[in-house]
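Participant: Sharing structure.pdb here; it has PDB, N, CA, C and O atoms.
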ATOM      1  N   MET A   1     108.548  90.888 116.466
ATOM      2  CA  MET A   1     107.331  90.648 115.726
ATOM      3  C   MET A   1     107.242  91.631 114.573
ATOM      4  O   MET A   1     107.791  92.710 114.623
ATOM      5  N   PHE A   2     106.497  91.209 113.554
ATOM      6  CA  PHE A   2     106.325  92.008 112.350
ATOM      7  C   PHE A   2     104.863  91.907 111.934
ATOM      8  O   PHE A   2     104.288  90.823 111.940
ATOM      9  N   SER A   3     104.256  93.037 111.602
ATOM     10  CA  SER A   3     102.854  92.997 111.175
ATOM     11  C   SER A   3     102.710  93.485 109.744
ATOM     12  O   SER A   3     103.510  94.295 109.262
ATOM     13  N   THR A   4     101.694  92.965 109.085
ATOM     14  CA  THR A   4     101.375  93.366 107.722
ATOM     15  C   THR A   4      99.894  93.706 107.664
ATOM     16  O   THR A   4      99.097  93.207 108.456
ATOM     17  N   THR A   5      99.541  94.559 106.719
ATOM     18  CA  THR A   5      98.128  94.864 106.488
ATOM     19  C   THR A   5      97.859  94.819 104.991
ATOM     20  O   THR A   5      98.748  95.070 104.172
ATOM     21  N   MET A   6      96.631  94.494 104.659
ATOM     22  CA  MET A   6      96.194  94.481 103.269
ATOM     23  C   MET A   6      94.749  94.954 103.253
ATOM     24  O   MET A   6      93.923  94.451 104.021
ATOM     25  N   ARG A   7      94.468  95.942 102.415
ATOM     26  CA  ARG A   7      93.095  96.433 102.273
ATOM     27  C   ARG A   7      92.452  95.761 101.077
ATOM     28  O   ARG A   7      93.078  95.586 100.033
ATOM     29  N   TYR A   8      91.189  95.416 101.240
ATOM     30  CA  TYR A   8      90.411  94.820 100.160
ATOM     31  C   TYR A   8      89.138  95.630  99.963
ATOM     32  O   TYR A   8      88.536  96.096 100.924
ATOM     33  N   ARG A   9      88.737  95.762  98.731
ATOM     34  CA  ARG A   9      87.441  96.370  98.407
ATOM     35  C   ARG A   9      86.696  95.336  97.567
ATOM     36  O   ARG A   9      87.135  94.976  96.476
ATOM     37  N   PHE A  10      85.585  94.851  98.105
ATOM     38  CA  PHE A  10      84.817  93.804  97.448
ATOM     39  C   PHE A  10      83.695  94.397  96.606
ATOM     40  O   PHE A  10      83.203  95.490  96.886
ATOM     41  N   LYS A  11      83.286  93.654  95.597
ATOM     42  CA  LYS A  11      82.124  94.065  94.821
ATOM     43  C   LYS A  11      80.905  94.044  95.735
ATOM     44  O   LYS A  11      80.782  93.170  96.593
ATOM     45  N   PRO A  12      80.006  95.005  95.567
ATOM     46  CA  PRO A  12      78.817  95.046  96.422
ATOM     47  C   PRO A  12      78.066  93.702  96.405
ATOM     48  O   PRO A  12      77.902  93.078  95.353
ATOM     49  N   GLY A  13      77.666  93.282  97.596
ATOM     50  CA  GLY A  13      76.902  92.060  97.723
ATOM     51  C   GLY A  13      77.709  90.773  97.702
ATOM     52  O   GLY A  13      77.141  89.691  97.692
ATOM     53  N   THR A  14      79.048  90.884  97.706
ATOM     54  CA  THR A  14      79.878  89.676  97.621
ATOM     55  C   THR A  14      80.749  89.469  98.856
ATOM     56  O   THR A  14      81.635  88.625  98.833
ATOM     57  N   VAL A  15      80.492  90.202  99.922
ATOM     58  CA  VAL A  15      81.368  90.150 101.093
ATOM     59  C   VAL A  15      81.468  88.742 101.668
ATOM     60  O   VAL A  15      82.554  88.263 101.968
ATOM     61  N   SER A  16      80.351  88.069 101.833
ATOM     62  CA  SER A  16      80.380  86.721 102.408
ATOM     63  C   SER A  16      81.188  85.767 101.537
ATOM     64  O   SER A  16      82.016  84.999 102.037
ATOM     65  N   GLU A  17      80.946  85.821 100.235
ATOM     66  CA  GLU A  17      81.691  84.964  99.307
ATOM     67  C   GLU A  17      83.174  85.324  99.305
ATOM     68  O   GLU A  17      84.039  84.444  99.340
ATOM     69  N   ALA A  18      83.479  86.613  99.283
ATOM     70  CA  ALA A  18      84.876  87.059  99.278
ATOM     71  C   ALA A  18      85.588  86.654 100.564
ATOM     72  O   ALA A  18      86.753  86.240 100.526
ATOM     73  N   ALA A  19      84.911  86.746 101.690
ATOM     74  CA  ALA A  19      85.521  86.350 102.961
ATOM     75  C   ALA A  19      85.816  84.853 102.976
ATOM     76  O   ALA A  19      86.850  84.425 103.500
ATOM     77  N   GLU A  20      84.947  84.059 102.403
ATOM     78  CA  GLU A  20      85.172  82.615 102.326
ATOM     79  C   GLU A  20      86.362  82.301 101.415
ATOM     80  O   GLU A  20      87.189  81.446 101.732
ATOM     81  N   ILE A  21      86.465  83.014 100.305
ATOM     82  CA  ILE A  21      87.618  82.840  99.405
ATOM     83  C   ILE A  21      88.897  83.228 100.134
ATOM     84  O   ILE A  21      89.912  82.535 100.047
ATOM     85  N   TRP A  22      88.862  84.340 100.863
ATOM     86  CA  TRP A  22      90.030  84.777 101.618
ATOM     87  C   TRP A  22      90.432  83.718 102.636
ATOM     88  O   TRP A  22      91.611  83.398 102.782
ATOM     89  N   LYS A  23      89.446  83.175 103.317
ATOM     90  CA  LYS A  23      89.727  82.143 104.319
ATOM     91  C   LYS A  23      90.430  80.942 103.695
ATOM     92  O   LYS A  23      91.412  80.430 104.242
ATOM     93  N   ASN A  24      89.946  80.498 102.546
ATOM     94  CA  ASN A  24      90.494  79.306 101.910
ATOM     95  C   ASN A  24      91.820  79.544 101.191
ATOM     96  O   ASN A  24      92.646  78.628 101.111
ATOM     97  N   THR A  25      92.028  80.748 100.666
ATOM     98  CA  THR A  25      93.246  80.999  99.883
ATOM     99  C   THR A  25      94.354  81.707 100.649
ATOM    100  O   THR A  25      95.517  81.614 100.268
ATOM    101  N   ILE A  26      93.995  82.420 101.706
ATOM    102  CA  ILE A  26      94.997  83.162 102.487
ATOM    103  C   ILE A  26      95.111  82.606 103.907
ATOM    104  O   ILE A  26      96.176  82.183 104.348
ATOM    105  N   PHE A  27      94.016  82.629 104.633
ATOM    106  CA  PHE A  27      94.039  82.269 106.047
ATOM    107  C   PHE A  27      94.507  80.829 106.284
ATOM    108  O   PHE A  27      95.466  80.597 107.019
ATOM    109  N   ASN A  28      93.825  79.874 105.685
ATOM    110  CA  ASN A  28      94.179  78.472 105.919
ATOM    111  C   ASN A  28      95.617  78.140 105.504
ATOM    112  O   ASN A  28      96.338  77.511 106.277
ATOM    113  N   PRO A  29      96.068  78.570 104.310
ATOM    114  CA  PRO A  29      97.475  78.306 103.969
ATOM    115  C   PRO A  29      98.464  79.007 104.904
ATOM    116  O   PRO A  29      99.524  78.466 105.212
ATOM    117  N   ALA A  30      98.116  80.203 105.375
ATOM    118  CA  ALA A  30      99.018  80.938 106.268
ATOM    119  C   ALA A  30      99.230  80.196 107.577
ATOM    120  O   ALA A  30     100.327  80.219 108.140
ATOM    121  N   LEU A  31      98.188  79.531 108.053
ATOM    122  CA  LEU A  31      98.304  78.794 109.314
ATOM    123  C   LEU A  31      99.324  77.665 109.230
ATOM    124  O   LEU A  31      99.845  77.225 110.252
ATOM    125  N   LEU A  32      99.607  77.214 108.039
ATOM    126  CA  LEU A  32     100.565  76.125 107.844
ATOM    127  C   LEU A  32     102.002  76.617 107.702
ATOM    128  O   LEU A  32     102.925  75.818 107.637
ATOM    129  N   ARG A  33     102.176  77.923 107.650
ATOM    130  CA  ARG A  33     103.498  78.507 107.425
ATOM    131  C   ARG A  33     104.242  78.740 108.736
ATOM    132  O   ARG A  33     103.634  79.015 109.768
ATOM    133  N   ASP A  34     105.545  78.662 108.649
ATOM    134  CA  ASP A  34     106.383  79.009 109.797
ATOM    135  C   ASP A  34     106.248  80.499 110.094
ATOM    136  O   ASP A  34     106.131  81.314 109.177
ATOM    137  N   GLY A  35     106.270  80.844 111.351
ATOM    138  CA  GLY A  35     106.352  82.238 111.759
ATOM    139  C   GLY A  35     105.041  82.969 111.905
ATOM    140  O   GLY A  35     105.034  84.114 112.368
ATOM    141  N   ILE A  36     103.909  82.363 111.537
ATOM    142  CA  ILE A  36     102.633  83.071 111.671
ATOM    143  C   ILE A  36     102.211  83.097 113.143
ATOM    144  O   ILE A  36     102.298  82.093 113.841
ATOM    145  N   VAL A  37     101.811  84.259 113.614
ATOM    146  CA  VAL A  37     101.337  84.420 114.983
ATOM    147  C   VAL A  37      99.821  84.603 114.983
ATOM    148  O   VAL A  37      99.103  83.952 115.730
ATOM    149  N   ALA A  38      99.322  85.497 114.110
ATOM    150  CA  ALA A  38      97.882  85.759 114.039
ATOM    151  C   ALA A  38      97.547  86.327 112.668
ATOM    152  O   ALA A  38      98.389  86.965 112.020
ATOM    153  N   LEU A  39      96.314  86.093 112.250
ATOM    154  CA  LEU A  39      95.833  86.623 110.974
ATOM    155  C   LEU A  39      94.333  86.850 111.115
ATOM    156  O   LEU A  39      93.601  85.943 111.502
ATOM    157  N   GLU A  40      93.896  88.086 110.837
ATOM    158  CA  GLU A  40      92.485  88.426 110.978
ATOM    159  C   GLU A  40      92.003  89.224 109.783
ATOM    160  O   GLU A  40      92.766  89.964 109.168
ATOM    161  N   LEU A  41      90.731  89.065 109.480
ATOM    162  CA  LEU A  41      90.072  89.845 108.437
ATOM    163  C   LEU A  41      88.958  90.638 109.092
ATOM    164  O   LEU A  41      88.010  90.062 109.646
ATOM    165  N   LEU A  42      89.060  91.951 109.060
ATOM    166  CA  LEU A  42      88.065  92.847 109.644
ATOM    167  C   LEU A  42      87.250  93.455 108.510
ATOM    168  O   LEU A  42      87.811  94.088 107.610
ATOM    169  N   ILE A  43      85.938  93.260 108.536
ATOM    170  CA  ILE A  43      85.064  93.700 107.449
ATOM    171  C   ILE A  43      84.161  94.812 107.949
ATOM    172  O   ILE A  43      83.582  94.718 109.033
ATOM    173  N   ASN A  44      84.006  95.873 107.131
ATOM    174  CA  ASN A  44      83.090  96.953 107.503
ATOM    175  C   ASN A  44      81.799  96.854 106.682
ATOM    176  O   ASN A  44      81.620  95.927 105.888
ATOM    177  N   ASP A  45      80.917  97.823 106.851
ATOM    178  CA  ASP A  45      79.618  97.814 106.162
ATOM    179  C   ASP A  45      79.681  98.394 104.755
ATOM    180  O   ASP A  45      78.653  98.515 104.100
ATOM    181  N   ASN A  46      80.856  98.746 104.289
ATOM    182  CA  ASN A  46      81.014  99.376 102.974
ATOM    183  C   ASN A  46      81.701  98.462 101.969
ATOM    184  O   ASN A  46      82.362  98.935 101.051
ATOM    185  N   ASP A  47      81.568  97.149 102.157
ATOM    186  CA  ASP A  47      82.187  96.175 101.260
ATOM    187  C   ASP A  47      83.710  96.290 101.229
ATOM    188  O   ASP A  47      84.347  96.026 100.208
ATOM    189  N   GLU A  48      84.293  96.682 102.353
ATOM    190  CA  GLU A  48      85.743  96.784 102.478
ATOM    191  C   GLU A  48      86.210  95.924 103.637
ATOM    192  O   GLU A  48      85.444  95.640 104.559
ATOM    193  N   ALA A  49      87.463  95.531 103.565
ATOM    194  CA  ALA A  49      88.032  94.722 104.647
ATOM    195  C   ALA A  49      89.499  95.096 104.842
ATOM    196  O   ALA A  49      90.160  95.605 103.933
ATOM    197  N   LEU A  50      89.974  94.809 106.020
ATOM    198  CA  LEU A  50      91.378  94.994 106.360
ATOM    199  C   LEU A  50      91.880  93.676 106.927
ATOM    200  O   LEU A  50      91.319  93.163 107.897
ATOM    201  N   ALA A  51      92.907  93.136 106.303
ATOM    202  CA  ALA A  51      93.544  91.927 106.821
ATOM    203  C   ALA A  51      94.782  92.348 107.591
ATOM    204  O   ALA A  51      95.560  93.186 107.127
ATOM    205  N   ILE A  52      94.958  91.778 108.768
ATOM    206  CA  ILE A  52      96.118  92.069 109.607
ATOM    207  C   ILE A  52      96.827  90.761 109.897
ATOM    208  O   ILE A  52      96.218  89.817 110.402
ATOM    209  N   GLY A  53      98.089  90.708 109.523
ATOM    210  CA  GLY A  53      98.902  89.525 109.798
ATOM    211  C   GLY A  53     100.007  89.871 110.776
ATOM    212  O   GLY A  53     100.610  90.946 110.683
ATOM    213  N   ILE A  54     100.255  88.996 111.712
ATOM    214  CA  ILE A  54     101.346  89.178 112.668
ATOM    215  C   ILE A  54     102.265  87.975 112.546
ATOM    216  O   ILE A  54     101.808  86.827 112.618
ATOM    217  N   TRP A  55     103.523  88.256 112.352
ATOM    218  CA  TRP A  55     104.535  87.234 112.110
ATOM    219  C   TRP A  55     105.646  87.353 113.146
ATOM    220  O   TRP A  55     105.898  88.436 113.679
ATOM    221  N   ASP A  56     106.324  86.263 113.423
ATOM    222  CA  ASP A  56     107.466  86.289 114.342
ATOM    223  C   ASP A  56     108.562  87.219 113.845
ATOM    224  O   ASP A  56     109.233  87.880 114.632
ATOM    225  N   ASP A  57     108.723  87.267 112.517
ATOM    226  CA  ASP A  57     109.805  88.044 111.925
ATOM    227  C   ASP A  57     109.402  88.431 110.503
ATOM    228  O   ASP A  57     108.636  87.718 109.855
ATOM    229  N   GLU A  58     109.932  89.520 110.010
ATOM    230  CA  GLU A  58     109.624  89.991 108.662
ATOM    231  C   GLU A  58     109.925  88.936 107.603
ATOM    232  O   GLU A  58     109.206  88.820 106.607
ATOM    233  N   LYS A  59     110.971  88.141 107.801
ATOM    234  CA  LYS A  59     111.347  87.150 106.786
ATOM    235  C   LYS A  59     110.219  86.155 106.533
ATOM    236  O   LYS A  59     110.021  85.708 105.411
ATOM    237  N   TYR A  60     109.449  85.803 107.556
ATOM    238  CA  TYR A  60     108.333  84.870 107.376
ATOM    239  C   TYR A  60     107.213  85.501 106.554
ATOM    240  O   TYR A  60     106.613  84.846 105.694
ATOM    241  N   ALA A  61     106.924  86.763 106.803
ATOM    242  CA  ALA A  61     105.897  87.461 106.032
ATOM    243  C   ALA A  61     106.321  87.590 104.576
ATOM    244  O   ALA A  61     105.521  87.342 103.667
ATOM    245  N   GLN A  62     107.566  87.962 104.341
ATOM    246  CA  GLN A  62     108.062  88.096 102.970
ATOM    247  C   GLN A  62     108.011  86.763 102.230
ATOM    248  O   GLN A  62     107.633  86.709 101.056
ATOM    249  N   GLU A  63     108.386  85.706 102.905
ATOM    250  CA  GLU A  63     108.365  84.378 102.301
ATOM    251  C   GLU A  63     106.936  83.988 101.916
ATOM    252  O   GLU A  63     106.692  83.470 100.826
ATOM    253  N   PHE A  64     105.983  84.254 102.795
ATOM    254  CA  PHE A  64     104.589  83.940 102.506
ATOM    255  C   PHE A  64     104.087  84.739 101.315
ATOM    256  O   PHE A  64     103.389  84.202 100.453
ATOM    257  N   MET A  65     104.439  86.005 101.225
ATOM    258  CA  MET A  65     103.977  86.843 100.119
ATOM    259  C   MET A  65     104.578  86.420  98.781
ATOM    260  O   MET A  65     104.003  86.695  97.737
ATOM    261  N   ARG A  66     105.703  85.752  98.813
ATOM    262  CA  ARG A  66     106.320  85.272  97.573
ATOM    263  C   ARG A  66     105.746  83.944  97.090
ATOM    264  O   ARG A  66     106.119  83.464  96.025
ATOM    265  N   THR A  67     104.832  83.348  97.846
ATOM    266  CA  THR A  67     104.297  82.038  97.473
ATOM    267  C   THR A  67     103.352  82.096  96.291
ATOM    268  O   THR A  67     103.011  81.072  95.736
ATOM    269  N   GLY A  68     102.869  83.283  95.929
ATOM    270  CA  GLY A  68     101.933  83.398  94.818
ATOM    271  C   GLY A  68     100.488  83.331  95.248
ATOM    272  O   GLY A  68      99.588  83.410  94.423
ATOM    273  N   ILE A  69     100.234  83.182  96.538
ATOM    274  CA  ILE A  69      98.860  83.089  97.021
ATOM    275  C   ILE A  69      98.106  84.383  96.720
ATOM    276  O   ILE A  69      96.928  84.365  96.362
ATOM    277  N   PHE A  70      98.759  85.525  96.817
ATOM    278  CA  PHE A  70      98.078  86.783  96.565
ATOM    279  C   PHE A  70      97.682  86.918  95.109
ATOM    280  O   PHE A  70      96.632  87.466  94.779
ATOM    281  N   LYS A  71      98.473  86.394  94.173
ATOM    282  CA  LYS A  71      98.107  86.401  92.770
ATOM    283  C   LYS A  71      96.858  85.557  92.557
ATOM    284  O   LYS A  71      95.937  85.949  91.840
ATOM    285  N   VAL A  72      96.799  84.401  93.188
ATOM    286  CA  VAL A  72      95.620  83.541  93.077
ATOM    287  C   VAL A  72      94.385  84.272  93.583
ATOM    288  O   VAL A  72      93.334  84.254  92.951
ATOM    289  N   LEU A  73      94.508  84.947  94.711
ATOM    290  CA  LEU A  73      93.386  85.674  95.279
ATOM    291  C   LEU A  73      92.903  86.775  94.336
ATOM    292  O   LEU A  73      91.714  86.933  94.106
ATOM    293  N   LEU A  74      93.829  87.537  93.781
ATOM    294  CA  LEU A  74      93.454  88.637  92.907
ATOM    295  C   LEU A  74      92.871  88.143  91.587
ATOM    296  O   LEU A  74      92.017  88.800  90.999
ATOM    297  N   ASP A  75      93.342  86.988  91.118
ATOM    298  CA  ASP A  75      92.788  86.416  89.891
ATOM    299  C   ASP A  75      91.349  85.996  90.107
ATOM    300  O   ASP A  75      90.515  86.055  89.270
TER     301      ASP A  75
END
Can you give me the file's structure in the form of structure tokens?

Facilitator:
Amino acid sequence: MFSTTMRYRFKPGTVSEAAEIWKNTIFNPALLRDGIVALELLINDNDEALAIGIWDDEKYAQEFMRTGIFKVLLD
């Protein structure tokens, strides 16, 4: 197994909207990919979040990160 983490810092007051965007642009597409075991977004009270992905193998995580989904999210 291989795990990945990503930290996010959201603009104040946008956590709910940002979490919904994350769900639609990261979570849902990831579920369709080979090798995904689990993916969670943990949000704190300071407009920050930690995403944790667990993959069967590093190659699946690397392949997912090359899809351009992260660029879409950041844009």

Participant: Quick one: pull the distance between atom CA of Ala49 of chain A and atom CA of Tyr8 of chain A, Å, one decimal.

Facilitator: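 Separation between atom CA of Ala49 of chain A and atom CA of Tyr8 of chain A: 5.1 Å.
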
Participant: Residues of chain A classed as alpha helix (DSSP H) by DSSP on the backbone are to be reported as a ChimeraX atom specification.

Facilitator: /A:15-22,28-31,58-65,69-74

Participant: Taking N, CA, C and O atoms for each residue, export the selection above as a CSV table (one decimal), keeping the file's coordinate frame.

Facilitator:
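Result file follows (out_24.csv):
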chain,number,residue,atom,x,y,z
A,15,VAL,N,80.5,90.2,99.9
A,15,VAL,CA,81.4,90.2,101.1
A,15,VAL,C,81.5,88.7,101.7
A,15,VAL,O,82.6,88.3,102.0
A,16,SER,N,80.4,88.1,101.8
A,16,SER,CA,80.4,86.7,102.4
A,16,SER,C,81.2,85.8,101.5
A,16,SER,O,82.0,85.0,102.0
A,17,GLU,N,80.9,85.8,100.2
A,17,GLU,CA,81.7,85.0,99.3
A,17,GLU,C,83.2,85.3,99.3
A,17,GLU,O,84.0,84.4,99.3
A,18,ALA,N,83.5,86.6,99.3
A,18,ALA,CA,84.9,87.1,99.3
A,18,ALA,C,85.6,86.7,100.6
A,18,ALA,O,86.8,86.2,100.5
A,19,ALA,N,84.9,86.7,101.7
A,19,ALA,CA,85.5,86.4,103.0
A,19,ALA,C,85.8,84.9,103.0
A,19,ALA,O,86.8,84.4,103.5
A,20,GLU,N,84.9,84.1,102.4
A,20,GLU,CA,85.2,82.6,102.3
A,20,GLU,C,86.4,82.3,101.4
A,20,GLU,O,87.2,81.4,101.7
A,21,ILE,N,86.5,83.0,100.3
A,21,ILE,CA,87.6,82.8,99.4
A,21,ILE,C,88.9,83.2,100.1
A,21,ILE,O,89.9,82.5,100.0
A,22,TRP,N,88.9,84.3,100.9
A,22,TRP,CA,90.0,84.8,101.6
A,22,TRP,C,90.4,83.7,102.6
A,22,TRP,O,91.6,83.4,102.8
A,28,ASN,N,93.8,79.9,105.7
A,28,ASN,CA,94.2,78.5,105.9
A,28,ASN,C,95.6,78.1,105.5
A,28,ASN,O,96.3,77.5,106.3
A,29,PRO,N,96.1,78.6,104.3
A,29,PRO,CA,97.5,78.3,104.0
A,29,PRO,C,98.5,79.0,104.9
A,29,PRO,O,99.5,78.5,105.2
A,30,ALA,N,98.1,80.2,105.4
A,30,ALA,CA,99.0,80.9,106.3
A,30,ALA,C,99.2,80.2,107.6
A,30,ALA,O,100.3,80.2,108.1
A,31,LEU,N,98.2,79.5,108.1
A,31,LEU,CA,98.3,78.8,109.3
A,31,LEU,C,99.3,77.7,109.2
A,31,LEU,O,99.8,77.2,110.3
A,58,GLU,N,109.9,89.5,110.0
A,58,GLU,CA,109.6,90.0,108.7
A,58,GLU,C,109.9,88.9,107.6
A,58,GLU,O,109.2,88.8,106.6
A,59,LYS,N,111.0,88.1,107.8
A,59,LYS,CA,111.3,87.2,106.8
A,59,LYS,C,110.2,86.2,106.5
A,59,LYS,O,110.0,85.7,105.4
A,60,TYR,N,109.4,85.8,107.6
A,60,TYR,CA,108.3,84.9,107.4
A,60,TYR,C,107.2,85.5,106.6
A,60,TYR,O,106.6,84.8,105.7
A,61,ALA,N,106.9,86.8,106.8
A,61,ALA,CA,105.9,87.5,106.0
A,61,ALA,C,106.3,87.6,104.6
A,61,ALA,O,105.5,87.3,103.7
A,62,GLN,N,107.6,88.0,104.3
A,62,GLN,CA,108.1,88.1,103.0
A,62,GLN,C,108.0,86.8,102.2
A,62,GLN,O,107.6,86.7,101.1
A,63,GLU,N,108.4,85.7,102.9
A,63,GLU,CA,108.4,84.4,102.3
A,63,GLU,C,106.9,84.0,101.9
A,63,GLU,O,106.7,83.5,100.8
A,64,PHE,N,106.0,84.3,102.8
A,64,PHE,CA,104.6,83.9,102.5
A,64,PHE,C,104.1,84.7,101.3
A,64,PHE,O,103.4,84.2,100.5
A,65,MET,N,104.4,86.0,101.2
A,65,MET,CA,104.0,86.8,100.1
A,65,MET,C,104.6,86.4,98.8
A,65,MET,O,104.0,86.7,97.7
A,69,ILE,N,100.2,83.2,96.5
A,69,ILE,CA,98.9,83.1,97.0
A,69,ILE,C,98.1,84.4,96.7
A,69,ILE,O,96.9,84.4,96.4
A,70,PHE,N,98.8,85.5,96.8
A,70,PHE,CA,98.1,86.8,96.6
A,70,PHE,C,97.7,86.9,95.1
A,70,PHE,O,96.6,87.5,94.8
A,71,LYS,N,98.5,86.4,94.2
A,71,LYS,CA,98.1,86.4,92.8
A,71,LYS,C,96.9,85.6,92.6
A,71,LYS,O,95.9,85.9,91.8
A,72,VAL,N,96.8,84.4,93.2
A,72,VAL,CA,95.6,83.5,93.1
A,72,VAL,C,94.4,84.3,93.6
A,72,VAL,O,93.3,84.3,93.0
A,73,LEU,N,94.5,84.9,94.7
A,73,LEU,CA,93.4,85.7,95.3
A,73,LEU,C,92.9,86.8,94.3
A,73,LEU,O,91.7,86.9,94.1
A,74,LEU,N,93.8,87.5,93.8
A,74,LEU,CA,93.5,88.6,92.9
A,74,LEU,C,92.9,88.1,91.6
A,74,LEU,O,92.0,88.8,91.0

Participant: Report as a PDB file with N, CA, C and O atoms, keeping the file's coordinate frame the full result of the PyMOL selection byres ((chain A and resi 6) around 6) when it is applied to this structure.

Facilitator:
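And here's out-v7.pdb as it stands now:
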ATOM      1  N   THR A   4     101.694  92.965 109.085  1.00  0.00           N
ATOM      2  CA  THR A   4     101.375  93.366 107.722  1.00  0.00           C
ATOM      3  C   THR A   4      99.894  93.706 107.664  1.00  0.00           C
ATOM      4  O   THR A   4      99.097  93.207 108.456  1.00  0.00           O
ATOM      5  N   THR A   5      99.541  94.559 106.719  1.00  0.00           N
ATOM      6  CA  THR A   5      98.128  94.864 106.488  1.00  0.00           C
ATOM      7  C   THR A   5      97.859  94.819 104.991  1.00  0.00           C
ATOM      8  O   THR A   5      98.748  95.070 104.172  1.00  0.00           O
ATOM      9  N   ARG A   7      94.468  95.942 102.415  1.00  0.00           N
ATOM     10  CA  ARG A   7      93.095  96.433 102.273  1.00  0.00           C
ATOM     11  C   ARG A   7      92.452  95.761 101.077  1.00  0.00           C
ATOM     12  O   ARG A   7      93.078  95.586 100.033  1.00  0.00           O
ATOM     13  N   TYR A   8      91.189  95.416 101.240  1.00  0.00           N
ATOM     14  CA  TYR A   8      90.411  94.820 100.160  1.00  0.00           C
ATOM     15  C   TYR A   8      89.138  95.630  99.963  1.00  0.00           C
ATOM     16  O   TYR A   8      88.536  96.096 100.924  1.00  0.00           O
ATOM     17  N   ALA A  49      87.463  95.531 103.565  1.00  0.00           N
ATOM     18  CA  ALA A  49      88.032  94.722 104.647  1.00  0.00           C
ATOM     19  C   ALA A  49      89.499  95.096 104.842  1.00  0.00           C
ATOM     20  O   ALA A  49      90.160  95.605 103.933  1.00  0.00           O
ATOM     21  N   LEU A  50      89.974  94.809 106.020  1.00  0.00           N
ATOM     22  CA  LEU A  50      91.378  94.994 106.360  1.00  0.00           C
ATOM     23  C   LEU A  50      91.880  93.676 106.927  1.00  0.00           C
ATOM     24  O   LEU A  50      91.319  93.163 107.897  1.00  0.00           O
ATOM     25  N   ALA A  51      92.907  93.136 106.303  1.00  0.00           N
ATOM     26  CA  ALA A  51      93.544  91.927 106.821  1.00  0.00           C
ATOM     27  C   ALA A  51      94.782  92.348 107.591  1.00  0.00           C
ATOM     28  O   ALA A  51      95.560  93.186 107.127  1.00  0.00           O
ATOM     29  N   ILE A  52      94.958  91.778 108.768  1.00  0.00           N
ATOM     30  CA  ILE A  52      96.118  92.069 109.607  1.00  0.00           C
ATOM     31  C   ILE A  52      96.827  90.761 109.897  1.00  0.00           C
ATOM     32  O   ILE A  52      96.218  89.817 110.402  1.00  0.00           O
TER      33      ILE A  52
END

Participant: In Å, how far is it from atom CA of Asp47 of chain A to atom CA of Lys23 of chain A?

Facilitator: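 Spanning atom CA of Asp47 of chain A to atom CA of Lys23 of chain A is a straight-line distance of 16.2 Å.
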
Participant: Select from chain A everything DSSP, run on the backbone, classes as strand (DSSP E), then give the selection as a ChimeraX atom specification.

Facilitator: /A:2-9,36-43,48-55

Participant: Ala38 of chain A: which residues within 7 Å, counting all atoms listed in the file, same-chain residues fewer than 3 positions away excluded, as a list in words?

Facilitator: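 Close residues of Ala38 of chain A: Gly35, Ile52, Gly53, Ile54 and Trp55 of chain A.
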
Participant: Rank nothing, just name the residue among A:Asn46, A:Phe2, A:Ala19, A:Tyr60 nearest to Leu32 of chain A, using only C-alpha atoms.

Facilitator: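 Smallest separation from Leu32 of chain A among the options: A:Tyr60.
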
Participant: One decimal, in Å: what's the spacing between atom O of Gln62 of chain A and atom C of Lys11 of chain A?

Facilitator: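 Atom-to-atom, atom O of Gln62 of chain A to atom C of Lys11 of chain A, that is 28.2 Å.
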
Participant: Restricting the calculation to only C-alpha atoms: of A:Ile21, A:Leu42, A:Val37, A:Val15, which residue gets closest to Met1 of chain A?

Facilitator: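 Going through A:Ile21, A:Leu42, A:Val37, A:Val15 one by one, the smallest distance to Met1 of chain A is for A:Val37.
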
Participant: Using only N, CA, C and O atoms for the distances, tell me which of A:Ser16, A:Phe64, A:Asp56, A:Asn24 is nearest to Ile36 of chain A.

Facilitator: A:Asp56

Participant: Can you work out which one of A:Ile43, A:Thr67, A:Pro29, A:Glu48 has the shortest atom-to-atom distance to Arg9 of chain A, counting all atoms listed in the file?

Facilitator: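 The shortest atom-to-atom distance to Arg9 of chain A comes from A:Glu48.
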
Participant: Check the smallest atom-to-atom distance from each of A:Glu20, A:Thr14, A:Ile26, A:Glu63 to Leu39 of chain A using all atoms listed in the file, then report the winner.

Facilitator: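 Checking each candidate against Leu39 of chain A, we get A:Ile26 as the closest.
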